[in-house]
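Shown below: entry_21.tsv, with TSV, C-alpha atoms and all ligand atoms.
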chain	number	residue	atom	x	y	z
H	783	MET	CA	-7.35	20.53	-7.64
H	784	ALA	CA	-5.23	20.32	-10.78
H	785	TYR	CA	-1.98	21.53	-9.29
H	786	THR	CA	1.16	22.12	-11.34
H	787	ARG	CA	4.45	20.51	-10.35
H	788	ASN	CA	5.67	23.77	-8.84
H	789	GLU	CA	2.51	24.25	-6.84
H	790	ILE	CA	2.85	20.73	-5.45
H	791	ILE	CA	6.47	21.36	-4.49
H	792	GLU	CA	5.39	24.51	-2.67
H	793	LEU	CA	2.72	22.60	-0.77
H	794	LEU	CA	5.21	19.87	0.17
H	795	ARG	CA	7.51	22.55	1.59
H	796	LEU	CA	4.89	24.10	3.90
H	797	GLU	CA	5.81	24.23	7.58
H	798	GLY	CA	4.24	25.40	10.82
H	799	LYS	CA	0.78	26.97	10.69
H	800	ASP	CA	0.55	26.67	6.90
H	801	LYS	CA	1.28	22.96	7.07
H	802	GLU	CA	-1.36	22.46	9.78
H	803	ALA	CA	-3.86	24.32	7.58
H	804	LEU	CA	-3.04	21.99	4.68
H	805	PHE	CA	-3.70	18.96	6.90
H	806	ARG	CA	-7.03	20.38	8.07
H	807	GLU	CA	-8.14	21.32	4.57
H	808	ALA	CA	-7.40	17.80	3.29
H	809	ALA	CA	-9.31	16.17	6.15
H	810	ALA	CA	-12.28	18.50	5.61
H	811	LEU	CA	-12.34	17.68	1.89
H	812	ARG	CA	-12.30	13.97	2.69
H	813	ASP	CA	-15.21	14.41	5.11
H	814	GLU	CA	-17.18	16.33	2.51
H	815	THR	CA	-16.43	13.96	-0.37
H	816	ILE	CA	-16.50	10.46	1.08
H	817	GLY	CA	-17.61	11.00	4.65
H	818	THR	CA	-16.02	10.83	8.06
H	819	LYS	CA	-16.00	7.07	8.47
H	820	VAL	CA	-12.75	5.14	8.21
H	821	TYR	CA	-12.73	1.96	6.11
H	822	LEU	CA	-11.16	-1.09	7.73
H	823	ARG	CA	-9.07	-3.72	5.99
H	824	GLY	CA	-7.88	-6.73	7.95
H	825	LEU	CA	-4.29	-7.22	6.78
H	826	ILE	CA	-3.21	-10.82	6.29
H	827	GLU	CA	0.53	-11.19	5.76
H	828	TYR	CA	0.37	-14.30	3.62
H	829	GLY	CA	4.06	-15.08	3.31
H	830	ASN	CA	7.56	-13.65	3.03
H	831	VAL	CA	8.91	-15.88	0.26
H	832	CYS	CA	9.86	-13.53	-2.58
H	833	THR	CA	11.52	-13.82	-5.98
H	834	LYS	CA	12.40	-10.13	-6.07
H	835	ASP	CA	15.54	-8.66	-4.57
H	836	CYS	CA	14.56	-5.04	-3.84
H	837	LEU	CA	17.52	-3.28	-2.28
H	838	TYR	CA	15.49	-1.75	0.59
H	839	CYS	CA	13.27	-4.64	1.60
H	840	GLY	CA	13.72	-6.97	4.56
H	841	ILE	CA	12.09	-9.93	2.79
H	842	ARG	CA	14.20	-9.64	-0.39
H	843	ARG	CA	15.24	-12.91	-2.03
H	844	SER	CA	18.84	-12.83	-0.92
H	845	GLY	CA	18.16	-11.83	2.68
H	846	ASP	CA	18.54	-14.48	5.37
H	847	THR	CA	15.20	-13.98	7.11
H	848	PRO	CA	13.42	-17.28	7.97
H	849	ARG	CA	10.66	-17.89	5.43
H	850	TYR	CA	7.03	-18.82	6.04
H	851	THR	CA	3.80	-19.15	4.10
H	852	LEU	CA	0.43	-19.30	5.81
H	853	ASP	CA	-1.60	-22.41	5.12
H	854	ARG	CA	-5.17	-22.45	3.94
H	855	GLN	CA	-6.64	-22.85	7.42
H	856	GLN	CA	-4.67	-19.89	8.76
H	857	VAL	CA	-5.76	-17.59	5.94
H	858	LEU	CA	-9.38	-18.66	6.20
H	859	ALA	CA	-9.37	-18.28	10.00
H	860	ALA	CA	-8.07	-14.72	9.63
H	861	ALA	CA	-10.62	-13.96	6.91
H	862	ARG	CA	-13.43	-15.35	9.05
H	863	PHE	CA	-12.21	-13.27	11.98
H	864	ALA	CA	-12.30	-10.14	9.80
H	865	TYR	CA	-15.76	-10.97	8.51
H	866	GLU	CA	-17.23	-11.76	11.91
H	867	SER	CA	-15.62	-8.69	13.47
H	868	GLY	CA	-17.30	-6.48	10.89
H	869	TYR	CA	-14.15	-5.25	9.17
H	870	GLY	CA	-15.88	-5.52	5.82
H	871	SER	CA	-12.72	-6.30	3.88
H	872	ILE	CA	-9.29	-7.91	3.94
H	873	VAL	CA	-5.95	-7.45	2.22
H	874	ILE	CA	-3.89	-10.51	1.36
H	875	GLN	CA	-0.31	-9.33	1.05
H	876	GLY	CA	2.87	-11.27	0.45
H	877	GLY	CA	6.04	-11.69	-1.55
H	878	GLU	CA	6.03	-11.97	-5.33
H	879	ILE	CA	5.92	-15.57	-6.60
H	880	HIS	CA	5.05	-16.68	-10.14
H	881	SER	CA	4.78	-20.47	-9.84
H	882	GLU	CA	1.68	-22.16	-11.14
H	883	ARG	CA	1.21	-23.71	-7.72
H	884	HIS	CA	1.16	-20.31	-6.02
H	885	ILE	CA	-1.25	-18.89	-8.58
H	886	ASP	CA	-3.59	-21.86	-8.07
H	887	THR	CA	-3.37	-21.66	-4.29
H	888	ILE	CA	-4.34	-18.00	-4.27
H	889	GLU	CA	-7.15	-18.61	-6.74
H	890	GLN	CA	-8.58	-21.36	-4.53
H	891	LEU	CA	-8.19	-19.21	-1.40
H	892	LEU	CA	-10.13	-16.42	-3.08
H	893	ARG	CA	-12.98	-18.80	-3.83
H	894	ASP	CA	-12.96	-20.04	-0.23
H	895	VAL	CA	-12.99	-16.49	1.14
H	896	ALA	CA	-15.90	-15.58	-1.13
H	897	ALA	CA	-17.78	-18.68	0.06
H	898	LEU	CA	-17.33	-17.99	3.76
H	899	SER	CA	-18.77	-14.48	3.42
H	900	SER	CA	-21.24	-15.14	0.59
H	901	GLY	CA	-19.12	-12.77	-1.47
H	902	ARG	CA	-19.63	-9.90	0.97
H	903	LEU	CA	-16.09	-9.54	2.31
H	904	GLY	CA	-14.05	-7.11	0.20
H	905	VAL	CA	-10.74	-8.59	-0.97
H	906	THR	CA	-7.63	-6.64	-1.92
H	907	LEU	CA	-4.54	-8.44	-3.16
H	908	SER	CA	-0.98	-7.23	-2.85
H	909	LEU	CA	1.14	-10.00	-4.35
H	910	GLY	CA	3.36	-8.14	-6.77
H	911	GLU	CA	3.71	-8.15	-10.52
H	912	GLN	CA	1.88	-10.97	-12.25
H	913	SER	CA	0.84	-11.72	-15.81
H	914	TYR	CA	-2.35	-10.31	-17.30
H	915	GLU	CA	-3.78	-13.83	-17.24
H	916	THR	CA	-3.01	-14.31	-13.53
H	917	TYR	CA	-4.58	-10.98	-12.65
H	918	ALA	CA	-7.66	-11.98	-14.67
H	919	ARG	CA	-7.91	-15.36	-12.92
H	920	TRP	CA	-7.65	-13.85	-9.45
H	921	ARG	CA	-10.17	-11.17	-10.38
H	922	GLU	CA	-12.57	-13.82	-11.56
H	923	ALA	CA	-12.06	-15.79	-8.33
H	924	GLY	CA	-13.20	-12.84	-6.23
H	925	ALA	CA	-10.44	-10.27	-5.69
H	926	HIS	CA	-11.55	-6.81	-6.73
H	927	ARG	CA	-8.83	-4.47	-5.52
H	928	TYR	CA	-5.07	-4.68	-6.05
H	929	LEU	CA	-2.19	-2.75	-4.54
H	930	LEU	CA	1.04	-2.49	-6.46
H	931	ARG	CA	3.27	0.34	-5.38
H	932	ILE	CA	5.34	1.99	-8.07
H	933	GLU	CA	7.77	2.62	-5.15
H	934	ALA	CA	9.38	5.54	-7.04
H	935	SER	CA	7.93	7.01	-10.22
H	936	ASN	CA	11.25	8.49	-11.29
H	937	ARG	CA	12.75	5.71	-13.40
H	938	ASP	CA	16.32	6.62	-12.47
H	939	LEU	CA	15.50	6.47	-8.77
H	940	TYR	CA	13.60	3.22	-9.39
H	941	ALA	CA	16.75	1.79	-10.98
H	942	LYS	CA	18.87	2.84	-8.00
H	943	ILE	CA	16.71	1.05	-5.43
H	944	HIS	CA	16.26	-2.17	-7.41
H	945	PRO	CA	18.95	-4.56	-8.65
H	946	ASP	CA	19.83	-4.75	-12.33
H	947	ASP	CA	19.21	-8.50	-12.50
H	948	GLY	CA	16.61	-8.72	-15.24
H	949	MET	CA	13.84	-9.21	-12.69
H	950	HIS	CA	13.13	-5.55	-12.00
H	951	SER	CA	11.84	-3.29	-14.73
H	952	PHE	CA	10.14	0.06	-14.34
H	953	ASP	CA	8.28	-0.40	-17.61
H	954	ARG	CA	6.98	-3.82	-16.61
H	955	ARG	CA	5.73	-2.38	-13.36
H	956	VAL	CA	3.81	0.36	-15.14
H	957	LYS	CA	2.47	-2.27	-17.55
H	958	ALA	CA	1.30	-4.36	-14.58
H	959	LEU	CA	-0.67	-1.36	-13.30
H	960	GLU	CA	-2.29	-1.02	-16.73
H	961	ASP	CA	-3.11	-4.75	-16.77
H	962	LEU	CA	-4.77	-4.43	-13.36
H	963	ARG	CA	-6.94	-1.64	-14.68
H	964	GLU	CA	-7.89	-3.63	-17.78
H	965	THR	CA	-8.74	-6.75	-15.82
H	966	GLY	CA	-11.25	-4.76	-13.79
H	967	TYR	CA	-9.61	-4.10	-10.44
H	968	GLN	CA	-9.75	-1.01	-8.31
H	969	VAL	CA	-6.11	-0.09	-8.68
H	970	GLY	CA	-3.89	1.18	-5.91
H	971	THR	CA	-0.31	2.30	-6.00
H	972	GLY	CA	2.07	4.25	-3.80
H	973	VAL	CA	5.63	5.19	-3.05
H	974	MET	CA	8.10	5.27	-0.20
H	975	VAL	CA	8.79	8.73	1.16
H	976	GLY	CA	12.28	9.80	2.25
H	977	LEU	CA	14.30	7.39	0.11
H	978	PRO	CA	17.97	8.04	-0.47
H	979	TRP	CA	18.48	10.35	-3.49
H	980	GLN	CA	14.78	11.30	-3.53
H	981	THR	CA	14.04	15.00	-4.01
H	982	THR	CA	10.92	17.04	-3.32
H	983	GLY	CA	10.55	17.29	-7.10
H	984	ASP	CA	10.49	13.47	-7.27
H	985	LEU	CA	7.70	13.40	-4.69
H	986	ALA	CA	5.71	15.96	-6.67
H	987	ASP	CA	6.19	13.77	-9.75
H	988	ASP	CA	5.00	10.75	-7.76
H	989	LEU	CA	1.71	12.51	-7.08
H	990	LEU	CA	1.40	13.58	-10.70
H	991	PHE	CA	2.07	9.99	-11.76
H	992	MET	CA	-0.77	8.79	-9.52
H	993	ARG	CA	-3.10	11.31	-11.05
H	994	SER	CA	-2.00	10.51	-14.59
H	995	ILE	CA	-2.81	6.80	-14.23
H	996	ASP	CA	-6.02	7.77	-12.42
H	997	ILE	CA	-5.57	5.52	-9.38
H	998	ASP	CA	-8.48	4.46	-7.18
H	999	MET	CA	-6.41	3.89	-4.03
H	1000	CYS	CA	-3.08	4.83	-2.57
H	1001	GLY	CA	-0.84	3.52	0.16
H	1002	MET	CA	2.38	5.35	0.87
H	1003	GLY	CA	4.62	5.36	3.86
H	1004	PRO	CA	7.98	6.59	5.03
H	1005	TYR	CA	11.09	4.70	3.95
H	1006	ILE	CA	12.54	2.95	6.99
H	1007	VAL	CA	15.99	1.40	7.01
H	1008	SER	CA	15.95	-2.38	6.98
H	1009	ASP	CA	19.18	-3.72	8.51
H	1010	GLY	CA	21.13	-6.09	6.33
H	1011	THR	CA	19.77	-4.74	3.05
H	1012	PRO	CA	22.06	-3.06	0.49
H	1013	LEU	CA	20.21	0.25	0.87
H	1014	ALA	CA	20.90	0.24	4.63
H	1015	ALA	CA	24.56	0.74	3.67
H	1016	TYR	CA	23.76	3.94	1.75
H	1017	PRO	CA	26.51	6.26	2.96
H	1018	GLY	CA	24.71	9.57	2.54
H	1019	PRO	CA	22.37	11.13	5.07
H	1020	ILE	CA	18.66	10.37	4.93
H	1021	ALA	CA	16.03	12.68	6.38
H	1022	PRO	CA	15.42	12.24	10.13
H	1023	PRO	CA	12.37	10.11	11.05
H	1024	GLY	CA	10.26	13.10	12.07
H	1025	HIS	CA	10.86	14.71	8.71
H	1026	ARG	CA	9.99	11.53	6.78
H	1027	LEU	CA	6.81	11.21	8.81
H	1028	ASP	CA	5.88	14.83	8.17
H	1029	MET	CA	6.63	14.57	4.47
H	1030	THR	CA	4.43	11.46	4.21
H	1031	LEU	CA	1.59	13.34	5.90
H	1032	LYS	CA	1.97	16.22	3.46
H	1033	MET	CA	1.98	13.77	0.55
H	1034	ILE	CA	-1.30	12.32	1.83
H	1035	SER	CA	-2.87	15.75	2.21
H	1036	VAL	CA	-1.82	17.01	-1.20
H	1037	LEU	CA	-2.98	13.79	-2.87
H	1038	ARG	CA	-6.36	14.16	-1.14
H	1039	LEU	CA	-6.68	17.69	-2.55
H	1040	MET	CA	-5.72	16.42	-6.02
H	1041	MET	CA	-7.95	13.32	-5.96
H	1042	PRO	CA	-10.73	13.93	-3.41
H	1043	ASP	CA	-12.67	10.68	-3.89
H	1044	ILE	CA	-9.92	8.01	-3.82
H	1045	ASN	CA	-9.14	5.72	-0.90
H	1046	ILE	CA	-5.90	6.64	0.88
H	1047	ALA	CA	-4.45	4.28	3.47
H	1048	ALA	CA	-2.74	5.28	6.68
H	1049	ALA	CA	0.23	2.95	6.14
H	1050	THR	CA	1.70	0.70	8.81
H	1051	ALA	CA	5.18	2.18	8.31
H	1052	LEU	CA	3.89	5.48	9.75
H	1053	GLN	CA	3.32	3.65	12.99
H	1054	ALA	CA	6.90	2.36	13.05
H	1055	ILE	CA	8.06	5.98	13.36
H	1056	ASP	CA	5.35	7.34	15.65
H	1057	ARG	CA	2.95	5.39	17.81
H	1058	ASP	CA	0.13	7.65	16.68
H	1059	GLY	CA	1.31	7.76	13.07
H	1060	ARG	CA	-1.66	6.09	11.46
H	1061	ARG	CA	-4.15	8.07	13.49
H	1062	THR	CA	-2.38	11.29	12.57
H	1063	ALA	CA	-2.59	10.31	8.89
H	1064	LEU	CA	-6.36	10.00	9.24
H	1065	ALA	CA	-6.41	13.59	10.48
H	1066	CYS	CA	-4.49	14.61	7.33
H	1067	GLY	CA	-6.88	13.14	4.77
H	1068	ALA	CA	-6.33	9.36	4.79
H	1069	ASN	CA	-9.51	7.25	5.10
H	1070	VAL	CA	-8.38	3.62	5.30
H	1071	ILE	CA	-6.69	1.72	8.10
H	1072	MET	CA	-5.37	-1.83	7.90
H	1073	PRO	CA	-5.26	-3.53	11.30
H	1074	ASN	CA	-2.87	-6.49	11.15
H	1075	ILE	CA	-4.81	-9.71	11.66
H	1076	SER	CA	-2.01	-12.10	10.70
H	1077	PRO	CA	-1.20	-14.98	13.07
H	1078	GLU	CA	1.39	-13.88	15.70
H	1079	ASP	CA	4.28	-15.86	14.14
H	1080	ALA	CA	3.68	-14.29	10.77
H	1081	LYS	CA	3.71	-10.80	12.25
H	1082	HIS	CA	7.20	-11.50	13.57
H	1083	SER	CA	8.51	-12.89	10.28
H	1084	TYR	CA	7.05	-10.34	7.85
H	1085	THR	CA	9.98	-8.02	8.49
H	1086	LEU	CA	9.86	-5.44	5.71
H	1087	TYR	CA	11.84	-2.86	7.71
H	1088	ASN	CA	13.26	-2.25	11.19
H	1089	GLY	CA	10.67	-2.10	13.94
H	1090	LYS	CA	7.93	-3.53	11.72
H	1091	SER	CA	7.14	-6.50	13.95
H	1092	THR	CA	6.81	-4.33	17.03
H	1093	VAL	CA	4.09	-2.16	15.56
H	1094	ALA	CA	1.67	-3.21	18.22
H	1095	ASP	CA	-1.26	-0.86	18.27
H	1096	ASN	CA	-3.95	-2.38	16.12
H	1097	SER	CA	-6.76	-0.91	18.11
H	1098	ILE	CA	-9.63	0.67	16.31
H	1099	GLY	CA	-10.65	2.20	19.62
H	1100	ASP	CA	-12.64	5.36	19.24
H	1101	LEU	CA	-12.20	5.62	15.48
H	1102	GLN	CA	-15.39	6.20	13.61
H	1103	ALA	CA	-15.16	3.00	11.57
H	1104	ALA	CA	-17.32	1.91	8.65
H	1105	TRP	CA	-18.34	-1.42	10.19
H	1106	ASN	CA	-19.47	-4.13	7.78
H	1107	GLU	CA	-18.86	-1.97	4.72
H	1108	ASN	CA	-16.53	-3.26	2.07
H	1109	GLY	CA	-15.29	0.26	1.45
H	1110	ASP	CA	-15.04	0.50	-2.30
H	1111	SER	CA	-13.27	3.49	-3.77
H	1112	LEU	CA	-15.84	6.16	-4.58
H	1113	HIS	CA	-13.55	7.22	-7.42
H	1114	PHE	CA	-13.87	3.75	-8.95
H	1115	ARG	CA	-17.63	3.70	-8.60
H	1116	ARG	CA	-17.94	7.07	-10.27
H	1117	ARG	CA	-15.80	6.10	-13.25
N	1201	LIG	N1	10.73	0.94	4.27
N	1201	LIG	C1	9.45	1.26	4.02
N	1201	LIG	N2	8.63	0.51	3.27
N	1201	LIG	C2	9.14	-0.62	2.75
N	1201	LIG	N3	8.59	-1.56	1.97
N	1201	LIG	C3	9.49	-2.52	1.74
N	1201	LIG	N4	10.64	-2.21	2.35
N	1201	LIG	C4	10.45	-1.04	2.98
N	1201	LIG	C5	11.27	-0.20	3.77
N	1201	LIG	N5	12.55	-0.51	4.04
N	1201	LIG	C6	7.25	-1.42	1.42
N	1201	LIG	C7	7.30	-1.35	-0.10
N	1201	LIG	C8	6.41	-2.49	-0.54
N	1201	LIG	C9	5.59	-2.77	0.69
N	1201	LIG	C10	5.08	-4.18	0.78
N	1201	LIG	O1	6.48	-2.54	1.75
N	1201	LIG	O2	6.77	-0.10	-0.54
N	1201	LIG	O3	5.60	-2.18	-1.64
Structure re-expressed in structure tokens:
Amino acid sequence: MAYTRNEIIELLRLEGKDKEALFREAAALRDETIGTKVYLRGLIEYGNVCTKDCLYCGIRRSGDTPRYTLDRQQVLAAARFAYESGYGSIVIQGGEIHSERHIDTIEQLLRDVAALSSGRLGVTLSLGEQSYETYARWREAGAHRYLLRIEASNRDLYAKIHPDDGMHSFDRRVKALEDLRETGYQVGTGVMVGLPWQTTGDLADDLLFMRSIDIDMCGMGPYIVSDGTPLAAYPGPIAPPGHRLDMTLKMISVLRLMMPDINIAAATALQAIDRDGRRTALACGANVIMPNISPEDAKHSYTLYNGKSTVADNSIGDLQAAWNENGDSLHFRRR
């Protein structure tokens, strides 16, 4: 549906029976368009070293969290586990680093992952803003999907949640999304829901932004305070957890109605608010789940926000999963 901004705002304000109907409609449209099976991505938290200093994030450069980087054997063991378990694809996610050494290491890892699965394991990267050339090298080495959240599509809000240190630029982030498209990736973006200062109009604009750049995938989750970060000291009220959860679910449903054939992830942060959060998101139109397959130590050190490391339930259980499928975005294939 090609909703207007006002129509989206109205949908995001639905409550009670109307809200439940929105959730059901979005899930039914997903079933009709891409099927009922949930795509699996084994999430590998590669490292928490980061050159960025995002005011909300627990692994920001100036935080005092102990740093780690997985070694080659650890990444390949996790990738092999994902492949042998039939997950069909992995996500390699970590802090943003621009050194030549890092770029080389990732490139080599991608070749190793392709070799261990004869190129069958899907590989998504989520390693921040990089140059066009770096994106092209990683694409060539075997990555074919990339997640780079815009975080907030309102440039004033973006400026409020990132430091003014020359390292954070809204325009560069948008440019990075364009570079990802040009270098041949399936492109994913997303936002945090329930940020300080964020309005329902901003959230509607976020969805319109996603449609305007014609994304293939989306991952969005509730904003969760991360102790010790500058944004944790925000003096104003933020929406209660239940409200942020609900708003994220509505965002997922409305996006599904707007872009029926994209992949939408049930983000981990949902689970930090509600132990059934991810599962609920699947009932609201999401179709991707990312069980964390990082080594135990990494899980405890990849502390993006409070409660992150205690998100325990990785079970696929009775979900109708798309075993052994790499789960490409239908939207991308149709383009
Ligand atoms: N709350 C919710 N999500 C967060 N992220 C980082 N910090 C937080 C937080 N405090 C998300 C960002 C980033 C992803 C890796 O984690 O959206 O893109």
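Using all atoms listed in the file, the smallest distance between any of H:Ile1055, H:Ala1065, H:Ile943, H:Val975 and Lys1090 of chain H comes from H:Ile1055.
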Around all the atoms of ligand LIG 1201 (chain N) listed in the file, draw an axis-aligned box and extend it by 6 Å on each of the six sides; I want its centre and edge lengths in Å to one decimal, as JSON.
{"center_x": 8.8, "center_y": -1.5, "center_z": 1.3, "size_x": 19.5, "size_y": 17.4, "size_z": 17.9}
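Using all atoms listed in the file as the basis for the distance check, residues found within 6 Å of ligand LIG 1201 (chain N) are Tyr838, Cys839, Arg931, Glu933, Val973, Met974, Pro1004, Tyr1005, Ile1006, Val1007, Ser1008, Leu1086 and Tyr1087 of chain H.
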For the residues selected in the previous step, produce a file with C-alpha atoms as a short mmCIF file (atom, residue, chain, number, x, y, z; two decimals), keeping the file's coordinate frame.
data_model
loop_
_atom_site.label_atom_id
_atom_site.label_comp_id
_atom_site.auth_asym_id
_atom_site.auth_seq_id
_atom_site.Cartn_x
_atom_site.Cartn_y
_atom_site.Cartn_z
CA TYR H 838 15.49 -1.75 0.59
CA CYS H 839 13.27 -4.64 1.60
CA ARG H 931 3.27 0.34 -5.38
CA GLU H 933 7.77 2.62 -5.15
CA VAL H 973 5.63 5.19 -3.05
CA MET H 974 8.10 5.27 -0.20
CA PRO H 1004 7.98 6.59 5.03
CA TYR H 1005 11.09 4.70 3.95
CA ILE H 1006 12.54 2.95 6.99
CA VAL H 1007 15.99 1.40 7.01
CA SER H 1008 15.95 -2.38 6.98
CA LEU H 1086 9.86 -5.44 5.71
CA TYR H 1087 11.84 -2.86 7.71
#
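Compared by their closest atoms to Ile879 of chain H, and using only C-alpha atoms, the residues H:Arg842, H:Arg927, H:Arg893, H:Arg787 rank with H:Arg842 nearest.
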Place a sphere of radius 12 Å on (-4.0, -20.4, -9.4) in the file coordinates and name every protein, DNA or RNA residue with an atom inside or on its surface, counting all atoms listed in the file; give the answer as a PDB file with C-alpha atoms, keeping the file's coordinate frame.
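Output file out35.pdb is given in full below:
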ATOM      1  CA  ILE H 879       5.920 -15.570  -6.600  1.00  0.00           C
ATOM      2  CA  HIS H 880       5.050 -16.680 -10.140  1.00  0.00           C
ATOM      3  CA  SER H 881       4.780 -20.470  -9.840  1.00  0.00           C
ATOM      4  CA  GLU H 882       1.680 -22.160 -11.140  1.00  0.00           C
ATOM      5  CA  ARG H 883       1.210 -23.710  -7.720  1.00  0.00           C
ATOM      6  CA  HIS H 884       1.160 -20.310  -6.020  1.00  0.00           C
ATOM      7  CA  ILE H 885      -1.250 -18.890  -8.580  1.00  0.00           C
ATOM      8  CA  ASP H 886      -3.590 -21.860  -8.070  1.00  0.00           C
ATOM      9  CA  THR H 887      -3.370 -21.660  -4.290  1.00  0.00           C
ATOM     10  CA  ILE H 888      -4.340 -18.000  -4.270  1.00  0.00           C
ATOM     11  CA  GLU H 889      -7.150 -18.610  -6.740  1.00  0.00           C
ATOM     12  CA  GLN H 890      -8.580 -21.360  -4.530  1.00  0.00           C
ATOM     13  CA  LEU H 891      -8.190 -19.210  -1.400  1.00  0.00           C
ATOM     14  CA  LEU H 892     -10.130 -16.420  -3.080  1.00  0.00           C
ATOM     15  CA  ARG H 893     -12.980 -18.800  -3.830  1.00  0.00           C
ATOM     16  CA  GLN H 912       1.880 -10.970 -12.250  1.00  0.00           C
ATOM     17  CA  SER H 913       0.840 -11.720 -15.810  1.00  0.00           C
ATOM     18  CA  GLU H 915      -3.780 -13.830 -17.240  1.00  0.00           C
ATOM     19  CA  THR H 916      -3.010 -14.310 -13.530  1.00  0.00           C
ATOM     20  CA  TYR H 917      -4.580 -10.980 -12.650  1.00  0.00           C
ATOM     21  CA  ALA H 918      -7.660 -11.980 -14.670  1.00  0.00           C
ATOM     22  CA  ARG H 919      -7.910 -15.360 -12.920  1.00  0.00           C
ATOM     23  CA  TRP H 920      -7.650 -13.850  -9.450  1.00  0.00           C
ATOM     24  CA  ARG H 921     -10.170 -11.170 -10.380  1.00  0.00           C
ATOM     25  CA  GLU H 922     -12.570 -13.820 -11.560  1.00  0.00           C
ATOM     26  CA  ALA H 923     -12.060 -15.790  -8.330  1.00  0.00           C
TER      27      ALA H 923
END
- Item | Protein, DNA and RNA residues within 9 Å of (22.1, 6.9, -5.8), only C-alpha atoms, as JSON, numbers by chain | {"H": [938, 939, 942, 943, 978, 979, 980, 1016]}
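The shell of residues at most 6 Å from segment 814-820 of chain H, with all atoms listed in the file counted and near chain neighbours (fewer than 4 positions) removed, consists of Asn1069, Val1070, Gln1102, Ala1103 and Ala1104 of chain H.
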Please list as a CSV table (one decimal) with C-alpha atoms, in the coordinates of the input every residue within 9 Å of Asn936 of chain H, counting only C-alpha atoms and excluding residues in the same chain fewer than 5 positions away.
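What landed in around.csv:
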chain,number,residue,atom,x,y,z
H,941,ALA,CA,16.8,1.8,-11.0
H,980,GLN,CA,14.8,11.3,-3.5
H,984,ASP,CA,10.5,13.5,-7.3
H,985,LEU,CA,7.7,13.4,-4.7
H,987,ASP,CA,6.2,13.8,-9.8
H,988,ASP,CA,5.0,10.8,-7.8
